[in-house]
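Here is the file coords.txt (compact mmCIF, C-alpha atoms).
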# COMPACT_ATOMS: atom_id res chain seq x y z
CA MET A 1 -37.95 0.25 23.06
CA LYS A 2 -34.65 0.27 24.97
CA LEU A 3 -33.47 -2.72 22.94
CA ARG A 4 -34.05 -0.82 19.68
CA VAL A 5 -32.14 2.22 20.97
CA PHE A 6 -29.18 0.06 22.03
CA ALA A 7 -29.24 -1.78 18.69
CA LEU A 8 -29.24 1.51 16.79
CA LEU A 9 -26.39 2.88 18.93
CA GLY A 10 -24.43 -0.33 18.33
CA LEU A 11 -24.88 -0.05 14.57
CA LEU A 12 -23.79 3.58 14.59
CA LEU A 13 -20.72 2.69 16.64
CA LEU A 14 -19.77 -0.09 14.23
CA ALA A 15 -20.29 2.18 11.22
CA GLY A 16 -18.07 4.84 12.79
CA CYS A 17 -15.29 2.29 13.32
CA ALA A 18 -15.51 0.73 9.87
CA GLY A 19 -12.84 1.46 7.30
CA LEU A 20 -9.11 1.24 6.78
CA SER A 21 -6.33 3.05 8.60
CA VAL A 22 -2.71 3.69 7.55
CA ARG A 23 -1.67 5.57 10.68
CA HIS A 24 0.97 2.91 11.37
CA LEU A 25 2.53 3.18 7.88
CA PRO A 26 4.98 5.81 6.64
CA SER A 27 3.32 8.48 4.50
CA ASN A 28 4.13 11.62 2.54
CA PRO A 29 1.98 14.70 1.97
CA TRP A 30 0.32 14.79 -1.44
CA LYS A 31 2.36 16.69 -4.05
CA ASN A 32 1.34 16.89 -7.71
CA GLU A 33 3.96 16.01 -10.29
CA ALA A 34 6.88 15.89 -7.83
CA SER A 35 9.02 12.78 -7.64
CA GLN A 36 8.90 11.41 -4.09
CA ARG A 37 10.32 8.47 -2.15
CA LEU A 38 8.82 6.51 0.71
CA GLU A 39 10.84 3.80 2.43
CA MET A 40 9.23 0.92 4.26
CA ARG A 41 10.72 -2.14 5.94
CA TYR A 42 11.30 -4.32 2.83
CA LEU A 43 10.41 -2.05 -0.09
CA ALA A 44 11.13 1.57 -0.99
CA PHE A 45 8.66 3.31 -3.31
CA GLN A 46 9.72 5.95 -5.84
CA TYR A 47 6.54 7.62 -7.11
CA GLN A 48 4.88 10.58 -8.76
CA VAL A 49 1.29 11.87 -8.51
CA ILE A 50 -0.21 13.03 -11.81
CA PRO A 51 -3.63 14.76 -12.17
CA VAL A 52 -5.72 13.05 -14.88
CA GLY A 53 -8.88 15.14 -15.38
CA ASN A 54 -11.00 14.70 -12.24
CA GLN A 55 -8.98 11.66 -11.25
CA LEU A 56 -5.49 11.29 -9.87
CA GLY A 57 -2.85 8.93 -11.16
CA ILE A 58 0.05 7.49 -9.22
CA VAL A 59 2.99 5.98 -11.08
CA ALA A 60 5.42 4.13 -8.83
CA GLU A 61 8.21 1.61 -8.68
CA ALA A 62 8.92 -0.47 -5.59
CA TYR A 63 12.58 -1.33 -4.99
CA PRO A 64 13.74 -3.98 -2.54
CA VAL A 65 15.54 -2.73 0.57
CA ILE A 66 18.59 -4.92 0.02
CA ASP A 67 19.95 -5.12 3.56
CA LYS A 68 16.57 -6.28 4.94
CA LEU A 69 15.99 -9.18 2.52
CA PRO A 70 17.24 -12.68 3.28
CA ASP A 71 20.41 -13.47 1.30
CA TRP A 72 18.87 -16.68 -0.07
CA ALA A 73 15.77 -14.96 -1.58
CA SER A 74 15.95 -15.09 -5.37
CA TRP A 75 12.27 -14.99 -6.43
CA TYR A 76 9.11 -13.06 -5.72
CA GLY A 77 6.67 -15.99 -5.48
CA GLU A 78 3.73 -13.63 -4.89
CA ILE A 79 3.55 -9.87 -5.34
CA ALA A 80 0.67 -7.69 -4.14
CA LEU A 81 1.22 -3.92 -3.95
CA SER A 82 -1.20 -1.30 -2.62
CA VAL A 83 -1.41 2.47 -2.76
CA TYR A 84 -3.48 4.40 -0.22
CA VAL A 85 -4.62 8.01 -0.13
CA SER A 86 -5.57 9.10 3.36
CA ASP A 87 -6.56 12.15 5.37
CA GLU A 88 -4.41 13.70 8.08
CA TRP A 89 -5.66 11.16 10.65
CA GLY A 90 -4.65 8.16 8.53
CA ARG A 91 -8.19 7.24 7.42
CA VAL A 92 -8.05 5.71 3.96
CA LEU A 93 -10.13 7.72 1.47
CA ALA A 94 -9.17 5.72 -1.63
CA PHE A 95 -6.94 2.76 -2.40
CA ARG A 96 -6.00 0.42 -5.20
CA ASP A 97 -4.37 -3.02 -5.11
CA VAL A 98 -2.10 -4.32 -7.88
CA THR A 99 -1.08 -7.96 -8.27
CA LEU A 100 2.00 -8.76 -10.34
CA VAL A 101 3.12 -12.09 -11.76
CA PRO A 102 5.94 -13.94 -9.97
CA ARG A 103 9.42 -12.96 -11.16
CA PRO A 104 13.07 -13.18 -10.24
CA LEU A 105 14.09 -10.92 -7.39
CA LYS A 106 16.58 -8.58 -9.01
CA ARG A 107 17.93 -6.51 -6.18
CA GLU A 108 18.45 -3.41 -8.35
CA ALA A 109 15.19 -3.65 -10.36
CA GLY A 110 11.88 -2.08 -9.38
CA LEU A 111 8.37 -3.51 -9.39
CA PRO A 112 6.11 -1.26 -11.54
CA MET A 113 2.79 0.10 -10.33
CA GLU A 114 0.37 2.48 -12.03
CA VAL A 115 -3.08 3.31 -10.66
CA THR A 116 -5.85 5.87 -11.11
CA LEU A 117 -7.99 7.00 -8.18
CA ASP A 118 -11.17 9.06 -8.01
CA LEU A 119 -11.23 11.02 -4.75
CA GLY A 120 -14.37 13.04 -5.48
CA THR A 121 -14.68 15.98 -3.09
CA ASN A 122 -12.00 14.51 -0.81
CA ARG A 123 -9.33 15.91 -3.14
CA TYR A 124 -9.87 19.39 -1.67
CA GLN A 125 -8.47 18.51 1.78
CA PRO A 126 -4.90 17.77 2.87
CA LEU A 127 -4.05 14.32 1.51
CA PHE A 128 -1.31 11.81 2.22
CA VAL A 129 0.11 8.90 0.19
CA SER A 130 1.05 5.54 1.71
CA PHE A 131 1.91 2.18 0.23
CA GLY A 132 1.48 -1.41 1.28
CA TYR A 133 2.72 -4.77 0.10
CA ARG A 134 2.45 -8.51 0.57
CA LEU A 135 5.38 -10.49 -0.81
CA VAL A 136 6.28 -14.15 -0.68
CA LEU A 137 10.03 -14.48 -1.15
CA THR A 138 11.40 -17.86 -2.20
CA ASP A 139 14.70 -19.46 -3.09
CA ALA A 140 13.34 -21.13 -6.25
CA GLN A 141 11.20 -20.36 -9.28
CA PRO A 142 7.44 -20.97 -8.79
CA GLY A 143 6.47 -24.46 -9.91
CA THR A 144 9.69 -26.00 -8.61
CA PRO A 145 10.17 -27.29 -5.10
CA ALA A 146 11.11 -24.34 -2.91
CA GLY A 147 13.35 -25.00 0.03
CA ARG A 148 12.66 -21.70 1.74
CA ARG A 149 9.79 -19.23 1.73
CA VAL A 150 9.05 -16.16 3.78
CA LEU A 151 6.07 -13.82 3.80
CA VAL A 152 6.75 -10.11 4.31
CA SER A 153 3.87 -7.69 4.55
CA GLU A 154 2.89 -4.17 5.56
CA LYS A 155 -0.71 -3.16 4.80
CA ALA A 156 -3.56 -0.94 5.96
CA LEU A 157 -5.44 -2.12 9.03
CA GLU A 158 -9.20 -2.38 9.45
CA LYS A 159 -10.44 -0.24 12.29
Structure rendered as structure tokens:
Amino acid sequence: MKLRVFALLGLLLLAGCAGLSVRHLPSNPWKNEASQRLEMRYLAFQYQVIPVGNQLGIVAEAYPVIDKLPDWASWYGEIALSVYVSDEWGRVLAFRDVTLVPRPLKREAGLPMEVTLDLGTNRYQPLFVSFGYRLVLTDAQPGTPAGRRVLVSEKALEK
């Protein structure tokens, strides 16, 4: 009997700890239809939240933070962008990942991102927007021998 109680308590504890957290990432309070900016270590996101019926859309562009990138980086070898909507404690309520094709790293050009999220009843509480990314920066076009590569990443953490 005691073993079953401990097993049940263990399962409840694991369930309570499951999920994603963005407490460590910069975030902005949710604002409908207002242009906002969120700067991270290697990318800065310019975005707008747009209500779409019962869902919410986020249109964003991610711009490289020029002074943080290596001078030799000329290509995005891999591009994975994420948008997170969280509560006031940083618990992720909804998220969407976007993968883009490799492309030249143009220091003045943004990486486009457009997602739709369904928050259900969570949309009636204070919400916050955060972004994440995983980039592989290279000095050569994909498919050619690259001399240098570096991975830069900031993402939600599993708790």
At a cut-off of 8 Å, using only C-alpha atoms, what residues contact range 17-34 of chain A? Leave out same-chain residues fewer than 3 positions from it and give the result as a PyMOL selection string.
chain A and resi 13-14+38-40+48-51+84+86+89-92+126-131+154-159
Counting only C-alpha atoms, which residues of range 80-127 of chain A fall within 8 Å of range 57-76 of chain A, and what is the closest atom pair for each with its distance in Å at one decimal, ordered by chain and rising number, as JSON lines?
{"residue": "A:Pro102", "atom": "CA", "partner": "A:Tyr76", "partner_atom": "CA", "distance": 5.4}
{"residue": "A:Arg103", "atom": "CA", "partner": "A:Tyr76", "partner_atom": "CA", "distance": 5.4}
{"residue": "A:Pro104", "atom": "CA", "partner": "A:Trp75", "partner_atom": "CA", "distance": 4.3}
{"residue": "A:Leu105", "atom": "CA", "partner": "A:Trp75", "partner_atom": "CA", "distance": 4.6}
{"residue": "A:Lys106", "atom": "CA", "partner": "A:Ser74", "partner_atom": "CA", "distance": 7.5}
{"residue": "A:Arg107", "atom": "CA", "partner": "A:Pro64", "partner_atom": "CA", "distance": 6.1}
{"residue": "A:Glu108", "atom": "CA", "partner": "A:Tyr63", "partner_atom": "CA", "distance": 7.1}
{"residue": "A:Ala109", "atom": "CA", "partner": "A:Tyr63", "partner_atom": "CA", "distance": 6.4}
{"residue": "A:Gly110", "atom": "CA", "partner": "A:Tyr63", "partner_atom": "CA", "distance": 4.5}
{"residue": "A:Leu111", "atom": "CA", "partner": "A:Ala62", "partner_atom": "CA", "distance": 4.9}
{"residue": "A:Pro112", "atom": "CA", "partner": "A:Glu61", "partner_atom": "CA", "distance": 4.6}
{"residue": "A:Met113", "atom": "CA", "partner": "A:Ala60", "partner_atom": "CA", "distance": 5.0}
{"residue": "A:Glu114", "atom": "CA", "partner": "A:Val59", "partner_atom": "CA", "distance": 4.5}
{"residue": "A:Val115", "atom": "CA", "partner": "A:Ile58", "partner_atom": "CA", "distance": 5.4}
{"residue": "A:Thr116", "atom": "CA", "partner": "A:Gly57", "partner_atom": "CA", "distance": 4.3}
{"residue": "A:Leu117", "atom": "CA", "partner": "A:Gly57", "partner_atom": "CA", "distance": 6.2}
Take the selection from the previous step and output its residues with C-alpha atoms, as a compact mmCIF listing (two decimals), in the frame of the given file.
# COMPACT_ATOMS: atom_id res chain seq x y z
CA PRO A 102 5.94 -13.94 -9.97
CA ARG A 103 9.42 -12.96 -11.16
CA PRO A 104 13.07 -13.18 -10.24
CA LEU A 105 14.09 -10.92 -7.39
CA LYS A 106 16.58 -8.58 -9.01
CA ARG A 107 17.93 -6.51 -6.18
CA GLU A 108 18.45 -3.41 -8.35
CA ALA A 109 15.19 -3.65 -10.36
CA GLY A 110 11.88 -2.08 -9.38
CA LEU A 111 8.37 -3.51 -9.39
CA PRO A 112 6.11 -1.26 -11.54
CA MET A 113 2.79 0.10 -10.33
CA GLU A 114 0.37 2.48 -12.03
CA VAL A 115 -3.08 3.31 -10.66
CA THR A 116 -5.85 5.87 -11.11
CA LEU A 117 -7.99 7.00 -8.18
Nearest residue to Leu93 in chain A from the set A:Leu137, A:Val152, A:Leu119, A:Val52 (distances using only C-alpha atoms)
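For Leu93 in chain A, the nearest of the candidates is A:Leu119.
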At what distance in Å, to one decimal, does CA of Leu151 in chain A lie from CA of Gln36 in chain A?
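Separation of CA of Gln36 in chain A and CA of Leu151 in chain A: 26.6 Å.
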Straight-line distance linking CA of Arg149 in chain A with CA of Val136 in chain A, stated in Å to one decimal
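Atom-to-atom, CA of Arg149 in chain A to CA of Val136 in chain A, that is 6.6 Å.
Rounded to one decimal, CA of Pro145 in chain A and CA of Thr99 in chain A lie 22.6 Å from each other.
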Centre and edges of the range 96-99 of chain A box, axis-aligned, 8 Å extra per side, as AutoDock Vina command-line options:
--center_x -3.5 --center_y -3.8 --center_z -6.7 --size_x 20.9 --size_y 24.4 --size_z 19.2
Just the residues within 8 Å of Gly147 in chain A, please, counting all atoms listed in the file, with nothing from its chain fewer than 4 positions along; format it as a list in words.
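Using all atoms listed in the file, the neighbours found are Thr138, Asp139 and Ala140 of chain A.
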